[in-house]
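K.L.:
Sending over start_6.cif (mmCIF, C-alpha atoms).
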data_entry
loop_
_atom_site.label_atom_id
_atom_site.label_comp_id
_atom_site.auth_asym_id
_atom_site.auth_seq_id
_atom_site.Cartn_x
_atom_site.Cartn_y
_atom_site.Cartn_z
CA MET A 1339 32.43 3.95 -25.42
CA PHE A 1340 28.94 2.57 -25.02
CA THR A 1341 30.41 -0.89 -24.73
CA ALA A 1342 32.61 0.29 -21.86
CA ALA A 1343 29.61 1.84 -20.14
CA ALA A 1344 27.53 -1.32 -20.68
CA ALA A 1345 30.37 -3.49 -19.32
CA ALA A 1346 30.68 -1.29 -16.22
CA ILE A 1347 26.92 -1.38 -15.62
CA LEU A 1348 26.86 -5.18 -16.00
CA LEU A 1349 29.77 -5.49 -13.58
CA THR A 1350 27.92 -3.38 -11.02
CA MET A 1351 24.80 -5.49 -11.55
CA GLY A 1352 26.89 -8.56 -10.77
CA LEU A 1353 28.22 -6.95 -7.59
CA ALA A 1354 24.65 -6.06 -6.56
CA ILE A 1355 23.59 -9.68 -7.10
CA VAL A 1356 26.48 -10.85 -4.91
CA ARG A 1357 25.33 -8.47 -2.20
CA ALA A 1358 21.75 -9.77 -2.54
CA LEU A 1359 23.03 -13.34 -2.17
CA LEU A 1360 25.37 -12.62 0.73
CA GLY A 1361 23.65 -9.87 2.70
CA PRO A 1362 23.08 -11.14 6.19
CA THR A 1363 20.13 -8.90 6.96
CA LEU A 1364 17.08 -8.31 4.82
CA TYR A 1365 17.87 -4.60 4.45
CA ASP A 1366 21.07 -5.50 2.57
CA ARG A 1367 18.91 -7.36 0.09
CA ILE A 1368 16.45 -4.48 -0.29
CA LEU A 1369 19.43 -2.20 -0.90
CA ALA A 1370 20.70 -4.58 -3.55
CA VAL A 1371 17.31 -4.70 -5.28
CA ASN A 1372 17.03 -0.90 -5.30
CA MET A 1373 20.54 -0.58 -6.74
CA PHE A 1374 19.74 -3.25 -9.33
CA GLY A 1375 16.64 -1.32 -10.39
CA THR A 1376 18.54 1.88 -11.09
CA LYS A 1377 21.20 -0.10 -12.96
CA THR A 1378 18.44 -1.61 -15.10
CA VAL A 1379 17.28 1.91 -15.98
CA LEU A 1380 20.84 2.79 -16.98
CA ILE A 1381 21.38 -0.37 -19.01
CA ILE A 1382 18.15 0.24 -20.95
CA ALA A 1383 19.27 3.80 -21.75
CA VAL A 1384 22.77 2.66 -22.81
CA LEU A 1385 21.37 -0.27 -24.82
CA GLY A 1386 19.14 2.16 -26.68
CA PHE A 1387 22.18 4.14 -27.77
CA LEU A 1388 24.24 1.00 -28.41
CA THR A 1389 21.73 -0.47 -30.86
CA GLY A 1390 20.96 2.90 -32.44
CA ARG A 1391 17.34 3.03 -31.25
CA PRO A 1392 16.99 5.49 -28.39
CA ASP A 1393 13.22 5.02 -28.31
CA PHE A 1394 13.51 2.74 -25.30
CA LEU A 1395 13.95 5.70 -23.00
CA ASP A 1396 10.22 5.78 -22.24
CA ILE A 1397 10.56 2.38 -20.60
CA ALA A 1398 13.57 3.54 -18.59
CA LEU A 1399 11.71 6.66 -17.47
CA VAL A 1400 8.62 4.85 -16.25
CA TYR A 1401 10.64 2.09 -14.64
CA ALA A 1402 12.68 4.61 -12.64
CA LEU A 1403 9.41 5.73 -11.05
CA ILE A 1404 8.11 2.22 -10.47
CA ASN A 1405 11.35 1.13 -8.85
CA PHE A 1406 11.15 4.00 -6.39
CA ILE A 1407 7.52 3.30 -5.53
CA GLY A 1408 8.19 -0.42 -5.16
CA VAL A 1409 11.08 0.10 -2.74
CA ILE A 1410 9.08 2.57 -0.66
CA ALA A 1411 6.15 0.12 -0.53
CA VAL A 1412 8.46 -2.69 0.61
CA LEU A 1413 9.96 -0.46 3.30
CA LYS A 1414 6.55 0.67 4.50
CA PHE A 1415 5.63 -2.97 4.76
CA PHE A 1416 8.57 -3.70 6.99
CA GLU A 1417 8.07 -0.64 9.14
CA TYR A 1418 4.36 -1.05 9.76
CA GLY A 1419 4.27 -4.82 9.85
CA SER A 1420 1.73 -5.67 7.18
CA LEU A 1421 0.00 -4.36 4.12
CA GLY A 1422 -3.50 -4.72 5.48
CA ALA A 1423 -5.15 -7.12 7.83
CA GLY A 1424 -2.25 -9.46 8.49
CA ARG A 1425 -0.40 -10.37 11.67
CA SER A 1426 2.61 -8.23 12.47
CA ASP A 1427 4.58 -10.73 14.50
CA SER A 1428 5.70 -12.96 11.69
CA ARG A 1429 8.27 -10.70 10.09
CA ASP A 1430 11.89 -11.63 10.42
CA PRO A 1431 14.09 -8.82 9.18
CA THR A 1432 17.35 -9.69 10.90
CA SER A 1433 17.94 -13.12 9.34
CA MET B 1413 34.68 20.86 -34.49
CA ILE B 1414 31.71 21.21 -32.17
CA GLU B 1415 30.94 17.58 -32.82
CA GLN B 1416 34.38 16.54 -31.64
CA ILE B 1417 34.08 18.61 -28.49
CA ALA B 1418 30.69 17.04 -27.82
CA ASP B 1419 32.09 13.56 -28.44
CA GLY B 1420 35.05 14.21 -26.17
CA ALA B 1421 32.88 15.60 -23.38
CA SER B 1422 30.47 12.68 -23.75
CA TRP B 1423 33.34 10.20 -23.55
CA ALA B 1424 34.77 11.92 -20.45
CA PHE B 1425 31.44 11.92 -18.62
CA ILE B 1426 30.60 8.31 -19.49
CA VAL B 1427 34.01 6.99 -18.48
CA THR B 1428 33.96 8.93 -15.20
CA GLY B 1429 30.47 7.59 -14.50
CA ALA B 1430 31.59 4.04 -15.26
CA VAL B 1431 34.56 4.40 -12.89
CA PHE B 1432 32.29 5.64 -10.10
CA LEU B 1433 29.90 2.77 -10.79
CA VAL B 1434 32.61 0.18 -10.25
CA ILE B 1435 33.92 2.00 -7.17
CA GLY B 1436 30.44 2.09 -5.65
CA GLY B 1437 29.82 -1.53 -6.55
CA ILE B 1438 33.01 -2.69 -4.87
CA GLY B 1439 32.09 -0.52 -1.88
CA VAL B 1440 28.73 -2.27 -1.52
CA LEU B 1441 30.59 -5.56 -1.23
CA ARG B 1442 33.37 -4.50 1.11
CA MET B 1443 31.65 -2.21 3.59
CA PRO B 1444 30.95 -3.81 6.98
CA ASP B 1445 27.45 -2.59 7.74
CA VAL B 1446 24.07 -1.81 6.13
CA PHE B 1447 24.42 1.90 6.77
CA THR B 1448 27.89 2.18 5.24
CA ARG B 1449 26.72 0.13 2.27
CA LEU B 1450 23.98 2.71 1.78
CA HIS B 1451 26.66 5.33 1.16
CA ALA B 1452 28.28 3.19 -1.52
CA ALA B 1453 24.95 2.41 -3.18
CA GLY B 1454 24.11 6.11 -3.16
CA ILE B 1455 27.27 6.78 -5.17
CA THR B 1456 26.14 4.36 -7.86
CA ASP B 1457 22.51 5.48 -7.84
CA THR B 1458 22.92 9.23 -7.93
CA LEU B 1459 26.44 10.30 -8.88
CA ALA B 1460 27.40 7.66 -11.43
CA SER B 1461 23.92 7.56 -13.00
CA GLY B 1462 23.95 11.33 -13.31
CA LEU B 1463 27.34 11.36 -15.01
CA ILE B 1464 26.42 8.59 -17.44
CA LEU B 1465 23.11 10.25 -18.32
CA VAL B 1466 24.80 13.62 -18.93
CA GLY B 1467 27.31 11.85 -21.15
CA LEU B 1468 24.47 10.23 -23.11
CA MET B 1469 22.84 13.64 -23.45
CA PHE B 1470 25.83 14.89 -25.41
CA GLN B 1471 25.36 11.99 -27.78
CA GLY B 1472 21.67 12.69 -28.17
CA GLY B 1473 22.00 16.28 -29.26
CA TRP B 1474 19.16 18.81 -29.22
CA THR B 1475 16.35 16.29 -29.74
CA LEU B 1476 13.51 14.74 -27.76
CA VAL B 1477 15.93 12.01 -26.64
CA SER B 1478 17.84 14.54 -24.54
CA VAL B 1479 14.61 15.80 -22.98
CA LYS B 1480 13.78 12.26 -21.89
CA LEU B 1481 17.28 11.82 -20.51
CA VAL B 1482 16.90 15.08 -18.55
CA LEU B 1483 13.64 13.77 -17.12
CA ILE B 1484 15.23 10.47 -16.10
CA LEU B 1485 18.09 12.38 -14.48
CA LEU B 1486 15.70 14.61 -12.55
CA PHE B 1487 13.70 11.63 -11.30
CA LEU B 1488 16.82 9.78 -10.21
CA LEU B 1489 18.18 12.88 -8.47
CA PHE B 1490 14.96 13.34 -6.54
CA THR B 1491 14.10 9.78 -5.71
CA SER B 1492 17.32 7.94 -4.89
CA PRO B 1493 18.25 10.09 -1.84
CA VAL B 1494 14.67 9.59 -0.60
CA SER B 1495 15.02 5.82 -1.04
CA SER B 1496 18.33 5.81 0.85
CA HIS B 1497 16.82 7.79 3.71
CA ALA B 1498 13.77 5.54 3.87
CA LEU B 1499 15.96 2.44 3.87
CA ALA B 1500 18.17 3.77 6.66
CA ARG B 1501 15.16 4.70 8.74
CA ALA B 1502 13.48 1.35 8.20
CA ALA B 1503 16.70 -0.48 9.11
CA LEU B 1504 17.04 1.55 12.29
CA HIS B 1505 13.42 0.92 13.18
CA GLY B 1506 13.83 -2.76 12.42
CA GLY B 1507 16.57 -3.14 14.95
CA ILE B 1508 19.83 -3.02 13.02
CA ARG B 1509 22.45 -1.15 15.02
CA PRO B 1510 25.27 0.66 13.16
CA ILE B 1511 28.83 -0.46 13.86
CA LEU B 1512 30.39 2.53 15.64
CA ALA B 1513 34.03 3.22 16.36
CA ASP B 1514 33.70 2.63 20.09
CA SER B 1515 31.73 -0.60 19.76
CA ARG B 1516 34.38 -2.55 17.94
CA GLY B 1517 36.59 -3.27 20.87
CA LYS B 1518 33.93 -5.17 22.80
CA MET C 202 29.15 -5.61 -29.44
CA ALA C 203 25.84 -5.92 -27.63
CA ALA C 204 26.20 -9.69 -27.31
CA ILE C 205 28.13 -9.17 -24.09
CA VAL C 206 24.90 -7.93 -22.52
CA ASP C 207 23.15 -11.15 -23.59
CA TYR C 208 25.80 -13.40 -22.09
CA ALA C 209 26.03 -11.43 -18.86
CA VAL C 210 22.25 -11.26 -18.35
CA LEU C 211 21.83 -14.98 -19.01
CA ALA C 212 24.64 -15.82 -16.58
CA PHE C 213 23.07 -13.62 -13.90
CA LEU C 214 19.69 -15.28 -14.52
CA ALA C 215 21.21 -18.72 -13.95
CA VAL C 216 22.98 -17.63 -10.76
CA THR C 217 19.86 -15.94 -9.39
CA ALA C 218 17.68 -18.95 -10.19
CA VAL C 219 20.01 -21.35 -8.36
CA ALA C 220 20.17 -18.98 -5.38
CA LEU C 221 16.37 -18.71 -5.35
CA LEU C 222 16.14 -22.46 -4.90
CA HIS C 223 18.78 -22.51 -2.21
CA PHE C 224 17.51 -20.01 0.36
CA ARG C 225 15.09 -21.02 3.08
CA ASN C 226 14.24 -17.53 4.30
CA LEU C 227 11.33 -16.47 2.12
CA PHE C 228 11.98 -12.73 2.40
CA ALA C 229 15.34 -13.25 0.71
CA VAL C 230 13.61 -15.38 -1.93
CA VAL C 231 11.13 -12.59 -2.68
CA MET C 232 13.93 -10.05 -3.14
CA LEU C 233 15.83 -12.43 -5.41
CA ALA C 234 12.65 -13.01 -7.43
CA SER C 235 12.46 -9.25 -7.93
CA ILE C 236 16.02 -9.24 -9.28
CA TYR C 237 15.08 -12.16 -11.55
CA SER C 238 12.19 -10.13 -12.99
CA LEU C 239 14.48 -7.17 -13.67
CA LEU C 240 16.95 -9.42 -15.47
CA SER C 241 14.12 -10.85 -17.58
CA ALA C 242 13.05 -7.31 -18.43
CA ALA C 243 16.58 -6.52 -19.64
CA LEU C 244 16.52 -9.70 -21.73
CA PHE C 245 13.21 -8.69 -23.31
CA VAL C 246 14.67 -5.29 -24.19
CA ARG C 247 17.51 -7.11 -25.94
CA LEU C 248 14.94 -9.15 -27.88
CA ASP C 249 13.30 -5.88 -29.07
CA ALA C 250 10.06 -6.46 -27.13
CA VAL C 251 9.96 -3.23 -25.20
CA ASP C 252 6.33 -3.34 -24.09
CA VAL C 253 6.77 -6.86 -22.72
CA ALA C 254 9.88 -5.66 -20.89
CA PHE C 255 7.98 -2.83 -19.29
CA THR C 256 5.13 -5.10 -18.22
CA GLU C 257 7.59 -7.60 -16.78
CA ALA C 258 9.44 -4.92 -14.86
CA ALA C 259 6.29 -3.28 -13.51
CA VAL C 260 4.46 -6.47 -12.63
CA GLY C 261 7.34 -8.71 -11.62
CA ALA C 262 9.61 -6.33 -9.80
CA GLY C 263 6.96 -3.94 -8.54
CA ILE C 264 3.55 -5.41 -7.87
CA SER C 265 4.46 -9.07 -7.48
CA THR C 266 7.11 -8.35 -4.85
CA ILE C 267 4.70 -6.30 -2.76
CA LEU C 268 1.92 -8.88 -3.06
CA MET C 269 4.25 -11.71 -2.08
CA LEU C 270 5.40 -9.74 0.94
CA GLY C 271 1.78 -9.21 1.89
CA SER C 272 1.23 -12.96 1.69
CA LEU C 273 4.30 -13.61 3.81
CA ALA C 274 2.79 -11.41 6.48
CA LEU C 275 -0.12 -13.82 6.58
CA VAL C 276 1.70 -17.13 6.53
CA GLY C 277 5.14 -16.64 8.07
CA SER C 278 8.50 -16.69 6.39
CA LYS C 279 10.45 -19.89 6.88
CA GLU C 280 10.31 -22.68 4.36
CA GLU C 281 10.28 -26.22 5.67
CA ARG C 282 13.02 -28.63 4.77
CA PRO C 283 11.98 -31.10 2.06
CA ARG C 284 11.63 -34.63 3.35
CA HIS C 285 13.24 -36.49 0.47
CA THR C 286 16.21 -35.76 -1.77
CA PRO C 287 14.92 -34.84 -5.22
CA ILE C 288 17.32 -36.97 -7.28
CA ILE C 289 14.76 -38.67 -9.53
CA PRO C 290 12.82 -35.47 -10.33
CA LEU C 291 16.14 -33.76 -11.10
CA LEU C 292 17.03 -36.57 -13.50
CA VAL C 293 13.65 -36.40 -15.24
CA VAL C 294 13.90 -32.61 -15.63
CA ALA C 295 17.46 -32.83 -16.95
CA VAL C 296 16.55 -35.45 -19.56
CA THR C 297 13.46 -33.53 -20.69
CA GLY C 298 15.41 -30.27 -20.88
CA ALA C 299 18.17 -31.91 -22.91
CA ALA C 300 15.60 -33.35 -25.33
CA LEU C 301 13.97 -29.93 -25.78
CA ILE C 302 17.31 -28.22 -26.43
CA TYR C 303 18.19 -30.93 -28.94
CA GLY C 304 14.87 -30.22 -30.65
CA THR C 305 15.64 -26.51 -31.03
CA LEU C 306 18.89 -27.14 -32.90
CA ASP C 307 16.94 -27.58 -36.13
CA MET C 308 15.10 -24.28 -35.92
CA PRO C 309 15.81 -21.47 -38.43
CA PRO C 310 17.73 -18.39 -37.23
CA PHE C 311 15.85 -16.03 -34.99
CA GLY C 312 13.85 -13.30 -36.70
CA ARG C 313 14.91 -13.82 -40.29
CA ALA C 314 12.39 -12.54 -42.81
CA ASP C 315 12.06 -15.73 -44.87
CA ASN C 316 11.31 -18.05 -41.96
CA PRO C 317 8.33 -20.32 -42.68
CA VAL C 318 6.32 -18.84 -39.82
CA HIS C 319 6.32 -15.39 -41.45
CA GLN C 320 4.89 -16.49 -44.81
CA HIS C 321 1.22 -17.09 -44.16
CA VAL C 322 -0.67 -14.63 -42.00
CA ALA C 323 1.86 -11.85 -41.41
CA PRO C 324 2.03 -10.46 -44.99
CA ARG C 325 -1.77 -10.38 -45.07
CA TYR C 326 -1.93 -8.42 -41.84
CA ILE C 327 0.72 -6.00 -43.00
CA GLN C 328 -1.01 -5.38 -46.33
CA GLU C 329 -4.56 -5.15 -45.11
CA THR C 330 -4.11 -3.04 -41.99
CA PRO C 331 -3.88 0.39 -43.70
CA GLU C 332 -6.90 -0.23 -45.91
CA LYS C 333 -9.28 -2.26 -43.77
CA ILE C 334 -8.49 -1.53 -40.13
CA ASP C 335 -7.24 2.06 -40.27
CA VAL C 336 -5.16 1.86 -37.09
CA PRO C 337 -1.66 3.28 -37.78
CA ASN C 338 0.27 0.72 -35.72
CA VAL C 339 0.20 -2.85 -37.04
CA VAL C 340 0.87 -4.39 -33.62
CA THR C 341 -2.08 -2.53 -32.13
CA ALA C 342 -4.26 -3.61 -35.06
CA VAL C 343 -3.35 -7.27 -34.50
CA LEU C 344 -3.93 -7.07 -30.75
CA ALA C 345 -7.12 -5.06 -30.77
CA SER C 346 -8.79 -6.00 -34.02
CA TYR C 347 -7.58 -9.22 -35.62
CA ARG C 348 -7.08 -11.01 -32.29
CA GLY C 349 -9.57 -8.99 -30.26
CA TYR C 350 -11.11 -12.00 -28.49
CA ASP C 351 -7.67 -12.91 -27.22
CA THR C 352 -7.25 -9.48 -25.66
CA MET C 353 -10.70 -9.64 -24.09
CA GLY C 354 -9.84 -13.00 -22.55
CA GLU C 355 -6.62 -11.61 -21.12
CA VAL C 356 -8.42 -8.65 -19.57
CA ILE C 357 -10.91 -11.03 -17.94
CA VAL C 358 -8.05 -13.14 -16.55
CA ILE C 359 -6.28 -10.15 -15.07
CA PHE C 360 -9.47 -8.79 -13.57
CA THR C 361 -10.24 -12.16 -11.96
CA ALA C 362 -6.72 -12.35 -10.57
CA ALA C 363 -7.04 -8.87 -9.07
CA ILE C 364 -10.37 -9.73 -7.43
CA GLY C 365 -8.88 -12.94 -6.06
CA VAL C 366 -5.91 -11.14 -4.57
CA VAL C 367 -8.06 -8.46 -2.93
CA LEU C 368 -10.34 -11.08 -1.42
CA LEU C 369 -7.42 -13.13 -0.12
CA LEU C 370 -5.29 -10.40 1.33
CA GLY C 371 -8.03 -8.15 2.62
CA ILE C 372 -6.64 -4.67 2.22
CA ARG C 373 -9.00 -3.08 4.75
CA GLN C 374 -7.50 -2.58 8.19
CA PRO C 375 -9.70 -3.36 11.22
CA ARG C 376 -10.12 -0.33 13.41
CA GLY C 377 -9.06 -1.78 16.78
CA GLU C 378 -5.76 -2.94 15.40
CA LYS C 379 -4.96 0.46 13.94
CA GLU C 380 -5.47 2.27 17.25
CA SER C 381 -3.46 -0.17 19.31
CA ARG C 382 -0.62 -0.16 16.84
CA SER C 383 -0.34 3.62 16.80
CA ASN C 384 -0.29 3.67 20.60
CA GLU C 385 2.55 1.21 20.87
CA LYS C 386 4.68 2.80 18.19
CA GLY C 387 5.17 6.16 19.93
CA PRO C 388 7.34 5.21 22.90
CA THR C 389 9.51 2.75 21.01
CA ARG C 390 10.27 5.13 18.20
CA GLY C 391 11.14 7.95 20.59
CA GLY C 392 13.32 5.63 22.62
CA LYS C 393 15.27 4.38 19.65
CA ALA C 394 15.74 7.84 18.18
CA SER C 395 17.27 9.25 21.33
CA GLU C 396 19.88 6.51 21.67
#
Would you mind writing the file's structure down as structure tokens?
P.N.:
Amino acid sequence: MFTAAAAAILLTMGLAIVRALLGPTLYDRILAVNMFGTKTVLIIAVLGFLTGRPDFLDIALVYALINFIGVIAVLKFFEYGSLGAGRSDSRDPTS
Amino acid sequence: MIEQIADGASWAFIVTGAVFLVIGGIGVLRMPDVFTRLHAAGITDTLASGLILVGLMFQGGWTLVSVKLVLILLFLLFTSPVSSHALARAALHGGIRPILADSRGK
Amino acid sequence: MAAIVDYAVLAFLAVTAVALLHFRNLFAVVMLASIYSLLSAALFVRLDAVDVAFTEAAVGAGISTILMLGSLALVGSKEERPRHTPIIPLLVVAVTGAALIYGTLDMPPFGRADNPVHQHVAPRYIQETPEKIDVPNVVTAVLASYRGYDTMGEVIVIFTAAIGVVLLLGIRQPRGEKESRSNEKGPTRGGKASE
């Protein structure tokens, strides 16, 4: 049962990687990275049960938060042009 | 007896979650546009993750492990719709136009 | 049973690494580097190093991605084409890599208790920690007490790196730029929203 779940999560990770490789715009790639992050949280939780040591859930919990904050920071960067004192005309989101 | 019911429920939830994961993953590949791909990714992030985590909770029993799984589930339920909305808004602001039904004939 | 995770993660790592080298658009490269860090974190979880996995995920997929995007805002995002085909460097790397892999074929199995590396210092640490150091966790005792200078050096390195990044990127926003940017954003956002 856990093996089936792990296989499904790995398959979805592979599909997310294909989308990150193919995605014509940058937002496809950000979507793929966000999806990959939540799949990593799931695979850590399932791996904990698969190997009989569910103590890894702390890592999954904190990483779920960090993934969210990272994606929001990346999106804020693309909406407002820069993280600080940089130029805002050098971004290229549609390639 | 209770253990078998818990095992059966856990199995049902995990398999349903795995099926939705693969469906959402295939959707992310086959959808034509960023905004439609967001729908498919939302299925994997929120629905399938929720089902798999509930299934794991039945395996964990009444211990601290289930409390941590509940916390992970709550965080995922709150944060992945917010991420999807932020991504859609950033894509719209960045200039990506959605493919609409009346724009395909041009 | 869990070996399938190992094979799949290693295959994804290889695919992502090749794709990282292939793309010329540096925004795509930064996103793929984030995926590479997440895959490495999963690999570290499989190797039972959970704290390393968490650090890799937080630093590689979180902070490093954002910092690299900040740098791309300063320098622009297209990579130039290389001017020569890298055949000879590829050959040198392939030969060196093959020699290294050939050298690892003689190593003892991973993590076995009677490996030669576990016979000298490790039993002493495990025996002496409860009596002499009085920290309940042996790993913490090794990091903070037996190898304390190491940890101090690492903290200094990370602090220097943080100072360097803040000086280079300049997180403060100049005031004129902030006002002009907020003025120009209003009409465009309203126009796009009403479409």
K.L.:
Would you list the contacts of stretch 1471-1476 of chain B as a VMD selection string, taking every protein, DNA or RNA residue within 12 Å and counting all atoms listed in the file, but skipping same-chain residues closer than 6 positions in sequence?
P.N.:
(chain A and resid 1339 to 1340 1383 to 1384 1386 to 1388 1390 to 1393 1395 to 1396) or (chain B and resid 1414 to 1426 1464 to 1465 1482 to 1483)
K.L.:
So how many Å separate atom CA of C:Ala259 and atom CA of A:Phe1374, to one decimal?
P.N.:
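Computed distance, atom CA of C:Ala259 to atom CA of A:Phe1374, equals 14.1 Å.
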K.L.:
Using the chain letters and numbers from the file, which residues does the PyMOL selection byres ((chain A and resi 1368) around 9) grab, as a list of chain:residue names?
P.N.:
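Residues picked by the PyMOL selection byres ((chain A and resi 1368) around 9): A:Ala1358, A:Leu1364, A:Tyr1365, A:Asp1366, A:Arg1367, A:Leu1369, A:Ala1370, A:Val1371, A:Asn1372, A:Met1373, A:Val1409, A:Val1412, A:Leu1413, B:Leu1499, C:Ala229, C:Met232.
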K.L.:
I'd like to see the residues matched by the PyMOL selection byres ((chain A) within 6 of (chain B)) on this file, and ideally I'd get them as a ChimeraX atom specification.
P.N.:
/A:1343,1346,1350,1353,1366,1399,1417
K.L.:
Would you mind reading off the distance between atom CA of C:Val253 and atom CA of C:His319, one decimal, in Å?
P.N.:
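Between these atoms lies a distance of 20.6 Å.
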K.L.:
If you measure from atom CA of A:Leu1348 to atom CA of C:Ile267, what distance in Å do you get, rounded to one decimal?
P.N.:
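Computed distance, atom CA of A:Leu1348 to atom CA of C:Ile267, equals 25.8 Å.
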K.L.:
Hey, which of C:Thr341, C:Pro309, C:Asp315, C:Val294 ends up closest to C:Ile327? Count only C-alpha atoms.
P.N.:
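Among the listed residues, the smallest separation from C:Ile327 belongs to C:Thr341.
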K.L.:
Convert the output of the PyMOL selection byres ((chain C and resi 230) around 12) on the shown file into explicit residues, formatted as an mmCIF file with C-alpha atoms, keeping the file's coordinate frame.
P.N.:
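For reference, out_31.cif as written:
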data_model
loop_
_atom_site.group_PDB
_atom_site.id
_atom_site.type_symbol
_atom_site.label_atom_id
_atom_site.label_comp_id
_atom_site.auth_asym_id
_atom_site.auth_seq_id
_atom_site.Cartn_x
_atom_site.Cartn_y
_atom_site.Cartn_z
ATOM 1 C CA ALA A 1358 21.750 -9.770 -2.540
ATOM 2 C CA LEU A 1359 23.030 -13.340 -2.170
ATOM 3 C CA LEU A 1364 17.080 -8.310 4.820
ATOM 4 C CA ARG A 1367 18.910 -7.360 0.090
ATOM 5 C CA ILE A 1368 16.450 -4.480 -0.290
ATOM 6 C CA VAL A 1371 17.310 -4.700 -5.280
ATOM 7 C CA THR C 217 19.860 -15.940 -9.390
ATOM 8 C CA ALA C 218 17.680 -18.950 -10.190
ATOM 9 C CA VAL C 219 20.010 -21.350 -8.360
ATOM 10 C CA ALA C 220 20.170 -18.980 -5.380
ATOM 11 C CA LEU C 221 16.370 -18.710 -5.350
ATOM 12 C CA LEU C 222 16.140 -22.460 -4.900
ATOM 13 C CA HIS C 223 18.780 -22.510 -2.210
ATOM 14 C CA PHE C 224 17.510 -20.010 0.360
ATOM 15 C CA ARG C 225 15.090 -21.020 3.080
ATOM 16 C CA ASN C 226 14.240 -17.530 4.300
ATOM 17 C CA LEU C 227 11.330 -16.470 2.120
ATOM 18 C CA PHE C 228 11.980 -12.730 2.400
ATOM 19 C CA ALA C 229 15.340 -13.250 0.710
ATOM 20 C CA VAL C 231 11.130 -12.590 -2.680
ATOM 21 C CA MET C 232 13.930 -10.050 -3.140
ATOM 22 C CA LEU C 233 15.830 -12.430 -5.410
ATOM 23 C CA ALA C 234 12.650 -13.010 -7.430
ATOM 24 C CA SER C 235 12.460 -9.250 -7.930
ATOM 25 C CA ILE C 236 16.020 -9.240 -9.280
ATOM 26 C CA TYR C 237 15.080 -12.160 -11.550
ATOM 27 C CA THR C 266 7.110 -8.350 -4.850
ATOM 28 C CA MET C 269 4.250 -11.710 -2.080
ATOM 29 C CA LEU C 270 5.400 -9.740 0.940
ATOM 30 C CA LEU C 273 4.300 -13.610 3.810
ATOM 31 C CA SER C 278 8.500 -16.690 6.390
ATOM 32 C CA LYS C 279 10.450 -19.890 6.880
ATOM 33 C CA GLU C 280 10.310 -22.680 4.360
#
K.L.:
Write out as an mmCIF file with C-alpha atoms, keeping the file's coordinate frame the residues lying within 10 Å of A:Thr1341, counting all atoms listed in the file and excluding same-chain residues fewer than 6 positions away.
P.N.:
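File produced: result_0.cif:
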data_model
loop_
_atom_site.group_PDB
_atom_site.id
_atom_site.type_symbol
_atom_site.label_atom_id
_atom_site.label_comp_id
_atom_site.auth_asym_id
_atom_site.auth_seq_id
_atom_site.Cartn_x
_atom_site.Cartn_y
_atom_site.Cartn_z
ATOM 1 C CA ILE A 1347 26.920 -1.380 -15.620
ATOM 2 C CA VAL A 1384 22.770 2.660 -22.810
ATOM 3 C CA LEU A 1385 21.370 -0.270 -24.820
ATOM 4 C CA LEU A 1388 24.240 1.000 -28.410
ATOM 5 C CA MET C 202 29.150 -5.610 -29.440
ATOM 6 C CA ALA C 203 25.840 -5.920 -27.630
ATOM 7 C CA ILE C 205 28.130 -9.170 -24.090
ATOM 8 C CA VAL C 206 24.900 -7.930 -22.520
#
K.L.:
Just checking: using all atoms listed in the file, which residue out of B:Leu1459, B:His1497, B:Met1443, B:Val1479 ends up closest to B:Ile1511?
P.N.:
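Result for the nearest residue to B:Ile1511: B:Met1443.
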